[in-house]
>>> print(open('start_36.tsv').read())   # TSV, C-alpha atoms
chain	number	residue	atom	x	y	z
A	401	LEU	CA	-140.07	-35.66	-28.50
A	402	ALA	CA	-141.90	-35.11	-25.23
A	403	HIS	CA	-144.85	-33.48	-27.01
A	404	CYS	CA	-144.88	-36.22	-29.63
A	405	LYS	CA	-144.98	-38.88	-26.90
A	406	LYS	CA	-147.89	-37.14	-25.18
A	407	ILE	CA	-149.85	-36.80	-28.41
A	408	LEU	CA	-149.37	-40.45	-29.37
A	409	SER	CA	-150.04	-41.78	-25.87
A	410	LEU	CA	-153.32	-39.86	-25.65
A	411	ALA	CA	-154.43	-40.69	-29.19
A	412	LEU	CA	-153.67	-44.39	-28.82
A	413	ARG	CA	-156.08	-44.63	-25.90
A	414	TYR	CA	-158.98	-44.13	-28.31
A	415	ALA	CA	-157.59	-44.86	-31.78
A	416	VAL	CA	-158.66	-47.95	-33.68
A	417	ILE	CA	-155.41	-49.06	-35.30
A	418	ASN	CA	-156.07	-52.77	-35.67
A	419	ASN	CA	-158.98	-52.52	-38.13
A	420	HIS	CA	-157.48	-52.46	-41.61
A	421	LYS	CA	-160.82	-52.90	-43.37
A	422	ASP	CA	-162.44	-49.61	-42.33
A	423	GLU	CA	-161.91	-47.22	-45.25
A	424	ASN	CA	-163.88	-44.32	-43.72
A	425	TRP	CA	-161.76	-43.49	-40.70
A	426	LYS	CA	-159.99	-40.57	-42.48
A	427	SER	CA	-163.31	-38.89	-43.26
A	428	CYS	CA	-163.69	-37.48	-39.76
A	429	THR	CA	-162.65	-33.81	-39.62
A	430	SER	CA	-164.66	-32.42	-36.71
A	431	MET	CA	-165.96	-33.44	-33.29
A	432	CYS	CA	-169.55	-32.46	-33.94
A	433	ASN	CA	-172.14	-34.22	-31.81
A	434	ASP	CA	-175.70	-34.73	-32.94
A	435	ASP	CA	-178.41	-37.25	-32.43
A	436	ASN	CA	-177.44	-39.34	-35.44
A	437	ASP	CA	-173.70	-39.42	-35.02
A	438	GLY	CA	-172.65	-39.48	-31.40
A	439	TYR	CA	-169.53	-38.24	-29.68
A	440	ASP	CA	-168.31	-41.75	-28.88
A	441	PHE	CA	-168.41	-42.64	-32.57
A	442	LYS	CA	-166.35	-39.64	-33.64
A	443	VAL	CA	-163.54	-39.79	-31.10
A	444	PRO	CA	-161.95	-43.06	-32.34
A	445	LYS	CA	-161.81	-41.68	-35.88
A	446	ILE	CA	-160.23	-38.43	-34.75
A	447	ALA	CA	-157.71	-40.29	-32.56
A	448	THR	CA	-156.82	-42.63	-35.43
A	449	LEU	CA	-156.36	-39.66	-37.75
A	450	VAL	CA	-154.09	-37.99	-35.17
A	451	VAL	CA	-151.85	-41.08	-35.08
A	452	PHE	CA	-151.79	-41.19	-38.88
A	453	ARG	CA	-150.83	-37.52	-39.26
A	454	THR	CA	-148.23	-37.67	-36.50
A	455	VAL	CA	-146.45	-40.57	-38.20
A	456	GLU	CA	-146.71	-38.77	-41.52
A	457	VAL	CA	-145.44	-35.36	-40.37
A	458	LEU	CA	-142.95	-36.38	-37.66
A	459	PRO	CA	-141.53	-39.72	-38.89
A	460	THR	CA	-138.16	-39.50	-37.13
A	461	LEU	CA	-139.68	-38.66	-33.75
A	462	VAL	CA	-142.29	-41.39	-34.15
A	463	LYS	CA	-139.59	-43.95	-34.98
A	464	LYS	CA	-137.68	-43.01	-31.83
A	465	TRP	CA	-140.86	-43.17	-29.76
A	466	TRP	CA	-141.80	-46.56	-31.25
A	467	SER	CA	-138.36	-48.09	-30.57
A	468	ASP	CA	-137.81	-46.56	-27.11
A	469	ASP	CA	-141.15	-45.73	-25.48
A	470	CYS	CA	-144.02	-47.50	-27.23
A	471	PRO	CA	-145.57	-50.15	-24.92
A	472	ARG	CA	-144.64	-53.62	-26.09
A	473	SER	CA	-148.29	-54.59	-26.19
A	474	LEU	CA	-148.87	-51.92	-28.85
A	475	GLN	CA	-145.67	-52.16	-30.91
A	476	SER	CA	-147.01	-54.82	-33.25
A	477	GLN	CA	-150.32	-52.99	-33.77
A	478	VAL	CA	-148.59	-49.68	-34.45
A	479	SER	CA	-146.21	-51.36	-36.89
A	480	GLU	CA	-149.11	-52.95	-38.79
A	481	PHE	CA	-151.01	-49.65	-38.80
A	482	VAL	CA	-147.99	-47.92	-40.34
A	483	GLN	CA	-147.48	-50.75	-42.85
A	484	TYR	CA	-151.08	-50.99	-44.07
A	485	ARG	CA	-152.32	-47.42	-43.57
A	486	VAL	CA	-149.57	-44.82	-43.41
A	487	ALA	CA	-146.77	-46.16	-45.62
A	488	PRO	CA	-148.82	-46.89	-48.79
A	489	ASP	CA	-150.54	-43.51	-48.63
A	490	THR	CA	-147.28	-41.67	-48.03
A	491	LEU	CA	-145.49	-43.40	-50.92
A	492	LYS	CA	-148.34	-42.63	-53.33
A	493	ARG	CA	-148.04	-38.94	-52.48
A	494	GLU	CA	-144.25	-39.05	-52.78
A	495	LEU	CA	-144.48	-40.55	-56.28
A	496	ALA	CA	-147.13	-37.99	-57.29
A	497	ARG	CA	-144.89	-35.18	-56.01
A	498	ILE	CA	-141.96	-36.54	-58.03
A	499	ASN	CA	-144.05	-36.84	-61.20
A	500	SER	CA	-145.15	-33.21	-60.92
A	501	ALA	CA	-141.73	-31.83	-59.90
A	502	SER	CA	-140.17	-29.29	-62.26
A	503	GLY	CA	-136.57	-29.26	-61.01
A	504	ILE	CA	-135.42	-32.77	-61.86
A	505	GLY	CA	-134.19	-31.87	-65.36
A	506	ASP	CA	-133.14	-34.87	-67.46
A	507	MET	CA	-133.37	-37.29	-64.55
A	508	GLU	CA	-135.94	-40.03	-65.11
A	509	VAL	CA	-137.67	-41.45	-62.05
A	510	SER	CA	-139.78	-44.59	-61.79
A	511	GLY	CA	-141.39	-46.01	-58.70
A	512	SER	CA	-143.72	-48.79	-57.63
A	513	CYS	CA	-146.06	-48.98	-54.67
A	514	VAL	CA	-145.89	-52.77	-54.94
A	515	SER	CA	-142.12	-53.30	-54.84
A	516	ARG	CA	-141.68	-50.05	-52.87
A	517	GLU	CA	-138.59	-49.20	-54.91
A	518	VAL	CA	-137.85	-45.83	-56.45
A	519	THR	CA	-135.21	-45.69	-59.17
A	520	ALA	CA	-133.70	-42.57	-60.73
A	521	THR	CA	-131.76	-42.71	-63.98
A	522	TYR	CA	-129.55	-39.90	-65.17
A	523	VAL	CA	-127.63	-39.88	-68.45
A	524	GLN	CA	-124.11	-38.45	-68.42
A	525	ASP	CA	-122.09	-38.60	-71.63
A	526	GLU	CA	-124.20	-41.42	-73.12
A	527	CYS	CA	-123.80	-43.54	-69.97
A	528	LYS	CA	-126.70	-44.24	-67.64
A	529	LEU	CA	-126.15	-43.62	-63.96
A	530	SER	CA	-128.78	-44.77	-61.51
A	531	VAL	CA	-129.69	-44.88	-57.85
A	532	MET	CA	-132.29	-47.10	-56.19
A	533	ILE	CA	-134.08	-46.32	-52.95
A	534	LYS	CA	-135.71	-49.32	-51.25
A	535	ILE	CA	-138.46	-48.30	-48.85
A	536	PRO	CA	-139.50	-50.97	-46.32
A	537	PRO	CA	-143.23	-51.65	-45.86
A	538	SER	CA	-143.19	-50.23	-42.32
A	539	PHE	CA	-141.20	-47.07	-43.09
A	540	PRO	CA	-140.50	-44.85	-41.14
A	541	LEU	CA	-140.29	-47.43	-38.34
A	542	ARG	CA	-137.71	-49.31	-40.43
A	543	ASN	CA	-134.91	-47.63	-42.34
A	544	VAL	CA	-134.68	-47.24	-46.12
A	545	GLU	CA	-131.80	-48.76	-48.06
A	546	VAL	CA	-129.97	-47.02	-50.89
A	547	ASP	CA	-128.05	-48.59	-53.76
A	548	CYS	CA	-125.70	-46.26	-55.66
A	549	GLN	CA	-123.52	-48.97	-57.18
A	550	LYS	CA	-124.62	-48.08	-60.71
A	551	THR	CA	-123.34	-44.53	-60.38
A	552	LEU	CA	-120.76	-45.29	-63.06
A	553	GLY	CA	-117.48	-43.43	-63.17
A	554	ILE	CA	-117.65	-42.49	-59.49
A	555	ALA	CA	-115.16	-43.91	-56.99
A	556	GLU	CA	-116.70	-46.44	-54.58
A	557	LYS	CA	-115.79	-44.36	-51.55
A	558	ARG	CA	-117.58	-41.37	-53.06
A	559	TRP	CA	-120.85	-43.10	-54.00
A	560	ARG	CA	-120.95	-44.89	-50.66
A	561	HIS	CA	-120.76	-41.48	-49.02
A	562	TRP	CA	-123.65	-40.31	-51.22
A	563	ALA	CA	-125.70	-43.36	-50.19
A	564	LEU	CA	-125.09	-42.54	-46.53
A	565	GLN	CA	-126.18	-38.94	-47.15
A	566	ILE	CA	-129.45	-40.10	-48.69
A	567	MET	CA	-130.13	-42.62	-45.93
A	568	ARG	CA	-129.40	-40.01	-43.27
A	569	MET	CA	-131.78	-37.56	-44.97
A	570	LEU	CA	-134.61	-40.09	-45.20
A	571	ASN	CA	-134.08	-41.99	-41.94
A	572	SER	CA	-133.24	-39.25	-39.48
A	573	GLN	CA	-133.90	-35.81	-41.02
A	574	ASP	CA	-137.52	-36.15	-42.25
A	575	GLY	CA	-136.44	-35.60	-45.86
A	576	SER	CA	-138.62	-36.61	-48.79
A	577	VAL	CA	-137.70	-39.07	-51.55
A	578	LEU	CA	-137.68	-36.15	-54.00
A	579	ASP	CA	-135.19	-34.29	-51.79
A	580	ALA	CA	-132.97	-37.38	-51.71
A	581	LEU	CA	-133.02	-37.82	-55.50
A	582	LEU	CA	-132.23	-34.15	-56.08
A	583	LEU	CA	-129.28	-34.46	-53.66
A	584	TRP	CA	-127.96	-37.43	-55.65
A	585	LYS	CA	-128.36	-35.55	-58.94
A	586	GLN	CA	-126.58	-32.53	-57.46
A	587	ASN	CA	-123.67	-34.73	-56.37
A	588	VAL	CA	-123.41	-36.28	-59.85
A	589	ASP	CA	-123.50	-32.86	-61.54
A	590	LYS	CA	-120.74	-31.55	-59.27
A	591	GLU	CA	-118.62	-34.63	-59.93
A	592	PHE	CA	-118.76	-34.18	-63.70
A	593	GLU	CA	-118.64	-30.36	-63.68
A	594	GLY	CA	-115.55	-29.08	-65.47
A	595	VAL	CA	-114.28	-32.54	-66.44
A	596	GLU	CA	-112.86	-32.46	-69.96
A	597	PRO	CA	-113.52	-35.43	-72.27
A	598	CYS	CA	-110.73	-37.84	-73.14
A	599	PRO	CA	-108.91	-36.54	-76.28
A	600	VAL	CA	-108.87	-40.06	-77.74
A	601	CYS	CA	-112.53	-41.13	-77.48
A	602	TYR	CA	-114.01	-37.63	-76.90
A	603	SER	CA	-116.08	-38.89	-73.96
A	604	VAL	CA	-115.96	-38.16	-70.25
A	605	LEU	CA	-116.84	-41.74	-69.32
A	606	CYS	CA	-114.95	-44.60	-70.92
A	607	VAL	CA	-117.34	-46.85	-72.82
A	608	LYS	CA	-115.61	-50.04	-71.59
A	609	THR	CA	-114.72	-49.24	-67.99
A	610	HIS	CA	-117.13	-46.35	-67.24
A	611	ALA	CA	-114.21	-44.52	-65.63
A	612	MET	CA	-113.35	-40.85	-66.04
A	613	PRO	CA	-110.02	-39.73	-67.54
A	614	ASN	CA	-107.45	-40.72	-64.92
A	615	LEU	CA	-104.02	-40.43	-66.60
A	616	GLU	CA	-102.55	-36.94	-66.86
A	617	CYS	CA	-99.70	-35.91	-69.12
A	618	LYS	CA	-97.04	-34.12	-67.07
A	619	THR	CA	-96.15	-31.94	-70.05
A	620	CYS	CA	-99.49	-30.62	-71.36
A	621	HIS	CA	-101.66	-31.74	-68.40
A	622	ASN	CA	-104.37	-33.24	-70.58
A	623	ARG	CA	-106.10	-36.27	-69.13
A	624	PHE	CA	-106.87	-39.59	-70.82
A	625	HIS	CA	-108.67	-42.82	-70.09
A	626	THR	CA	-106.12	-45.51	-69.31
A	627	SER	CA	-107.53	-47.96	-71.87
A	628	CYS	CA	-107.77	-45.26	-74.55
A	629	LEU	CA	-104.17	-44.16	-74.10
A	630	TYR	CA	-102.78	-47.71	-74.17
A	631	LYS	CA	-104.81	-48.43	-77.30
A	632	TRP	CA	-103.33	-45.30	-78.88
A	633	PHE	CA	-99.79	-46.44	-78.02
A	634	GLN	CA	-100.45	-49.83	-79.63
A	635	SER	CA	-102.06	-48.50	-82.81
A	636	SER	CA	-99.55	-45.69	-83.37
A	637	GLY	CA	-96.46	-47.64	-82.34
A	638	LYS	CA	-95.35	-44.61	-80.35
A	639	SER	CA	-95.06	-43.77	-76.67
A	640	GLN	CA	-95.92	-40.13	-77.06
A	641	CYS	CA	-98.69	-37.94	-75.73
A	642	VAL	CA	-101.62	-37.83	-78.14
A	643	LEU	CA	-101.74	-34.02	-78.09
A	644	CYS	CA	-98.34	-32.53	-77.29
A	645	GLN	CA	-96.41	-35.38	-79.00
A	646	GLN	CA	-93.81	-35.38	-76.25
A	647	PRO	CA	-92.45	-38.71	-74.90
A	648	TRP	CA	-95.09	-39.93	-72.48
A	649	SER	CA	-94.55	-39.02	-68.89
A	650	GLY	CA	-97.76	-39.18	-66.96
A	651	ALA	CA	-99.28	-39.81	-63.60
A	652	LYS	CA	-102.44	-41.53	-62.44
A	653	ILE	CA	-104.89	-39.24	-60.68
>>> encode(input="start_36.tsv", output="structure tokens")
Amino acid sequence: LAHCKKILSLALRYAVINNHKDENWKSCTSMCNDDNDGYDFKVPKIATLVVFRTVEVLPTLVKKWWSDDCPRSLQSQVSEFVQYRVAPDTLKRELARINSASGIGDMEVSGSCVSREVTATYVQDECKLSVMIKIPPSFPLRNVEVDCQKTLGIAEKRWRHWALQIMRMLNSQDGSVLDALLLWKQNVDKEFEGVEPCPVCYSVLCVKTHAMPNLECKTCHNRFHTSCLYKWFQSSGKSQCVLCQQPWSGAKI
């Protein structure tokens, strides 16, 4: 953090961060000095590029510096620089990285630089599960928000924990959006791994309630969806297990 503070403090002395119309500031890559392009002209571009790259590469440290150590007179300018310069460029690269990624499998990802929302959809047993990551315009100075409510079949406590994991990764561990989506997919895969389908509807997720089999027969230990089992009792006129045909004695899991 100390080195980050020094770099930003020095760069901000010369950087031009309040001019959002100059599109050529990132073109400066050297401090050459000739008769046509003087030293004084190059330094502001280099300093501005240093601020840009520092925010891009060290977002968590920059956020801490901005909230704790950035002079109040510069906080608004830095925030606008991040909002109009850094954040749009970073999100474009994130979306390009996601589109070219090879390890996302059947997960479909869509994102918009306008709404700054990234949504991943993953199909499990004919049911769509999704997660939405909302990235504020001034990220990383402001924290992302994550919505996992449409992770069907997963207990609320569990998906809330997943949302916290993703937010922690993006807000305080310098993780990428792709890393966060792969973490969510990994959690979903682990949750459904080894889960047998309901013997009544032959699906892991109940079509009506989107719940996993949660009633277990104490005799044969097969698991059923609550609604499926009750429907079976009504249609058959029996109170027996669908498979072992023993009088029903089960427990909710």
>>> closest_residue(input="start_36.tsv", among="A:Val416, A:Leu605, A:Met569, A:Cys548", to="Lys585 (chain A)", atoms="all atoms listed in the file")
A:Cys548
>>> residues_near_point(input="start_36.tsv", point="(-103.7, -30.7, -71.3)", cutoff="10 Å", atoms="all atoms listed in the file", output="PyMOL selection string")
chain A and resi 596+599+616-624+641+643-644
>>> write_last_selection(input="start_36.tsv", atoms="C-alpha atoms", output="CSV table (one decimal), keeping the file's coordinate frame")
chain,number,residue,atom,x,y,z
A,596,GLU,CA,-112.9,-32.5,-70.0
A,599,PRO,CA,-108.9,-36.5,-76.3
A,616,GLU,CA,-102.6,-36.9,-66.9
A,617,CYS,CA,-99.7,-35.9,-69.1
A,618,LYS,CA,-97.0,-34.1,-67.1
A,619,THR,CA,-96.2,-31.9,-70.0
A,620,CYS,CA,-99.5,-30.6,-71.4
A,621,HIS,CA,-101.7,-31.7,-68.4
A,622,ASN,CA,-104.4,-33.2,-70.6
A,623,ARG,CA,-106.1,-36.3,-69.1
A,624,PHE,CA,-106.9,-39.6,-70.8
A,641,CYS,CA,-98.7,-37.9,-75.7
A,643,LEU,CA,-101.7,-34.0,-78.1
A,644,CYS,CA,-98.3,-32.5,-77.3
>>> atom_distance(input="start_36.tsv", atom1="CA of Asn543 (chain A)", atom2="CA of Asn571 (chain A)")
5.7 Å
>>> atom_distance(input="start_36.tsv", atom1="CA of Met612 (chain A)", atom2="CA of His625 (chain A)")
6.5 Å
>>> atom_distance(input="start_36.tsv", atom1="CA of Ile504 (chain A)", atom2="CA of Leu582 (chain A)")
6.7 Å
>>> closest_atom_pairs(input="start_36.tsv", of="region 483-592 of chain A", to="region 441-461 of chain A", cutoff="8 Å", atoms="all atoms listed in the file", output="JSON lines")
{"residue": "A:Arg485", "atom": "CA", "partner": "A:Phe452", "partner_atom": "CA", "distance": 7.8}
{"residue": "A:Val486", "atom": "CA", "partner": "A:Phe452", "partner_atom": "CA", "distance": 6.2}
{"residue": "A:Thr490", "atom": "CA", "partner": "A:Glu456", "partner_atom": "CA", "distance": 7.1}
{"residue": "A:Pro540", "atom": "CA", "partner": "A:Pro459", "partner_atom": "CA", "distance": 5.7}
{"residue": "A:Leu541", "atom": "CA", "partner": "A:Pro459", "partner_atom": "CA", "distance": 7.8}
{"residue": "A:Asn571", "atom": "CA", "partner": "A:Thr460", "partner_atom": "CA", "distance": 6.8}
{"residue": "A:Ser572", "atom": "CA", "partner": "A:Thr460", "partner_atom": "CA", "distance": 5.5}
{"residue": "A:Gln573", "atom": "CA", "partner": "A:Thr460", "partner_atom": "CA", "distance": 6.8}
{"residue": "A:Asp574", "atom": "CA", "partner": "A:Thr460", "partner_atom": "CA", "distance": 6.2}
>>> residues_around(input="start_36.tsv", residues="Leu570 (chain A)", least_positions_apart="6", cutoff="10 Å", atoms="all atoms listed in the file", output="VMD selection string")
chain A and resid 459 to 460 533 535 539 to 540 543 to 545 564 576 to 577 579 to 580
>>> closest_residue(input="start_36.tsv", among="A:Trp562, A:Arg472, A:Lys464, A:Leu581", to="Val509 (chain A)", atoms="only C-alpha atoms")
A:Leu581
>>> closest_residue(input="start_36.tsv", among="A:Lys463, A:His610, A:Lys652, A:Lys550", to="Val482 (chain A)", atoms="all atoms listed in the file")
A:Lys463
>>> closest_residue(input="start_36.tsv", among="A:Cys404, A:Arg516, A:Cys601, A:Leu578", to="Glu494 (chain A)", atoms="all atoms listed in the file")
A:Leu578
>>> residues_around(input="start_36.tsv", residues="region 474-479 of chain A", least_positions_apart="4", cutoff="8 Å", atoms="only C-alpha atoms", output="PyMOL selection string")
chain A and resi 417-418+466+470+483+538+541
>>> build_atoms(input="start_36.tsv", residues="region 514-542 of chain A", atoms="N, CA and C atoms", output="PDB file, in the coordinates of the input")
ATOM      1  N   VAL A 514    -145.889 -51.336 -55.232  1.00  0.00           N
ATOM      2  CA  VAL A 514    -145.890 -52.770 -54.940  1.00  0.00           C
ATOM      3  C   VAL A 514    -144.512 -53.217 -54.448  1.00  0.00           C
ATOM      4  N   SER A 515    -143.477 -52.934 -55.243  1.00  0.00           N
ATOM      5  CA  SER A 515    -142.120 -53.300 -54.840  1.00  0.00           C
ATOM      6  C   SER A 515    -141.538 -52.323 -53.836  1.00  0.00           C
ATOM      7  N   ARG A 516    -142.137 -51.129 -53.755  1.00  0.00           N
ATOM      8  CA  ARG A 516    -141.680 -50.050 -52.870  1.00  0.00           C
ATOM      9  C   ARG A 516    -140.228 -49.683 -53.165  1.00  0.00           C
ATOM     10  N   GLU A 517    -139.914 -49.625 -54.447  1.00  0.00           N
ATOM     11  CA  GLU A 517    -138.590 -49.200 -54.910  1.00  0.00           C
ATOM     12  C   GLU A 517    -138.742 -47.995 -55.824  1.00  0.00           C
ATOM     13  N   VAL A 518    -137.872 -47.019 -55.609  1.00  0.00           N
ATOM     14  CA  VAL A 518    -137.850 -45.830 -56.450  1.00  0.00           C
ATOM     15  C   VAL A 518    -136.475 -45.753 -57.109  1.00  0.00           C
ATOM     16  N   THR A 519    -136.463 -45.704 -58.429  1.00  0.00           N
ATOM     17  CA  THR A 519    -135.210 -45.690 -59.170  1.00  0.00           C
ATOM     18  C   THR A 519    -135.105 -44.417 -60.006  1.00  0.00           C
ATOM     19  N   ALA A 520    -133.971 -43.763 -59.914  1.00  0.00           N
ATOM     20  CA  ALA A 520    -133.700 -42.570 -60.730  1.00  0.00           C
ATOM     21  C   ALA A 520    -132.577 -42.882 -61.695  1.00  0.00           C
ATOM     22  N   THR A 521    -132.762 -42.508 -62.949  1.00  0.00           N
ATOM     23  CA  THR A 521    -131.760 -42.710 -63.980  1.00  0.00           C
ATOM     24  C   THR A 521    -131.366 -41.373 -64.568  1.00  0.00           C
ATOM     25  N   TYR A 522    -130.074 -41.173 -64.702  1.00  0.00           N
ATOM     26  CA  TYR A 522    -129.550 -39.900 -65.170  1.00  0.00           C
ATOM     27  C   TYR A 522    -128.455 -40.190 -66.188  1.00  0.00           C
ATOM     28  N   VAL A 523    -128.585 -39.616 -67.374  1.00  0.00           N
ATOM     29  CA  VAL A 523    -127.630 -39.880 -68.450  1.00  0.00           C
ATOM     30  C   VAL A 523    -126.520 -38.831 -68.428  1.00  0.00           C
ATOM     31  N   GLN A 524    -125.284 -39.319 -68.352  1.00  0.00           N
ATOM     32  CA  GLN A 524    -124.110 -38.450 -68.420  1.00  0.00           C
ATOM     33  C   GLN A 524    -123.200 -38.996 -69.516  1.00  0.00           C
ATOM     34  N   ASP A 525    -123.023 -38.213 -70.573  1.00  0.00           N
ATOM     35  CA  ASP A 525    -122.090 -38.600 -71.630  1.00  0.00           C
ATOM     36  C   ASP A 525    -122.424 -39.989 -72.189  1.00  0.00           C
ATOM     37  N   GLU A 526    -123.701 -40.197 -72.499  1.00  0.00           N
ATOM     38  CA  GLU A 526    -124.200 -41.420 -73.120  1.00  0.00           C
ATOM     39  C   GLU A 526    -124.124 -42.645 -72.195  1.00  0.00           C
ATOM     40  N   CYS A 527    -123.808 -42.440 -70.938  1.00  0.00           N
ATOM     41  CA  CYS A 527    -123.800 -43.540 -69.970  1.00  0.00           C
ATOM     42  C   CYS A 527    -124.912 -43.298 -68.949  1.00  0.00           C
ATOM     43  N   LYS A 528    -125.622 -44.356 -68.596  1.00  0.00           N
ATOM     44  CA  LYS A 528    -126.700 -44.240 -67.640  1.00  0.00           C
ATOM     45  C   LYS A 528    -126.202 -44.464 -66.222  1.00  0.00           C
ATOM     46  N   LEU A 529    -126.462 -43.505 -65.373  1.00  0.00           N
ATOM     47  CA  LEU A 529    -126.150 -43.620 -63.960  1.00  0.00           C
ATOM     48  C   LEU A 529    -127.467 -43.751 -63.224  1.00  0.00           C
ATOM     49  N   SER A 530    -127.507 -44.581 -62.202  1.00  0.00           N
ATOM     50  CA  SER A 530    -128.780 -44.770 -61.510  1.00  0.00           C
ATOM     51  C   SER A 530    -128.587 -44.961 -60.015  1.00  0.00           C
ATOM     52  N   VAL A 531    -129.653 -44.661 -59.293  1.00  0.00           N
ATOM     53  CA  VAL A 531    -129.690 -44.880 -57.850  1.00  0.00           C
ATOM     54  C   VAL A 531    -131.042 -45.506 -57.529  1.00  0.00           C
ATOM     55  N   MET A 532    -131.045 -46.445 -56.592  1.00  0.00           N
ATOM     56  CA  MET A 532    -132.290 -47.100 -56.190  1.00  0.00           C
ATOM     57  C   MET A 532    -132.505 -46.913 -54.688  1.00  0.00           C
ATOM     58  N   ILE A 533    -133.704 -46.481 -54.349  1.00  0.00           N
ATOM     59  CA  ILE A 533    -134.080 -46.320 -52.950  1.00  0.00           C
ATOM     60  C   ILE A 533    -135.120 -47.385 -52.622  1.00  0.00           C
ATOM     61  N   LYS A 534    -134.805 -48.242 -51.657  1.00  0.00           N
ATOM     62  CA  LYS A 534    -135.710 -49.320 -51.250  1.00  0.00           C
ATOM     63  C   LYS A 534    -136.389 -48.914 -49.944  1.00  0.00           C
ATOM     64  N   ILE A 535    -137.704 -48.779 -50.005  1.00  0.00           N
ATOM     65  CA  ILE A 535    -138.460 -48.300 -48.850  1.00  0.00           C
ATOM     66  C   ILE A 535    -139.182 -49.477 -48.206  1.00  0.00           C
ATOM     67  N   PRO A 536    -138.861 -49.820 -46.971  1.00  0.00           N
ATOM     68  CA  PRO A 536    -139.500 -50.970 -46.320  1.00  0.00           C
ATOM     69  C   PRO A 536    -140.991 -50.737 -46.107  1.00  0.00           C
ATOM     70  N   PRO A 537    -141.778 -51.793 -46.023  1.00  0.00           N
ATOM     71  CA  PRO A 537    -143.230 -51.650 -45.860  1.00  0.00           C
ATOM     72  C   PRO A 537    -143.634 -50.861 -44.618  1.00  0.00           C
ATOM     73  N   SER A 538    -142.831 -50.930 -43.557  1.00  0.00           N
ATOM     74  CA  SER A 538    -143.190 -50.230 -42.320  1.00  0.00           C
ATOM     75  C   SER A 538    -142.396 -48.943 -42.119  1.00  0.00           C
ATOM     76  N   PHE A 539    -141.883 -48.367 -43.206  1.00  0.00           N
ATOM     77  CA  PHE A 539    -141.200 -47.070 -43.090  1.00  0.00           C
ATOM     78  C   PHE A 539    -142.208 -46.034 -42.590  1.00  0.00           C
ATOM     79  N   PRO A 540    -141.850 -45.183 -41.608  1.00  0.00           N
ATOM     80  CA  PRO A 540    -140.500 -44.850 -41.140  1.00  0.00           C
ATOM     81  C   PRO A 540    -140.011 -45.645 -39.919  1.00  0.00           C
ATOM     82  N   LEU A 541    -140.752 -46.666 -39.499  1.00  0.00           N
ATOM     83  CA  LEU A 541    -140.290 -47.430 -38.340  1.00  0.00           C
ATOM     84  C   LEU A 541    -139.057 -48.249 -38.678  1.00  0.00           C
ATOM     85  N   ARG A 542    -138.914 -48.623 -39.939  1.00  0.00           N
ATOM     86  CA  ARG A 542    -137.710 -49.310 -40.430  1.00  0.00           C
ATOM     87  C   ARG A 542    -137.010 -48.413 -41.439  1.00  0.00           C
TER      88      ARG A 542
END
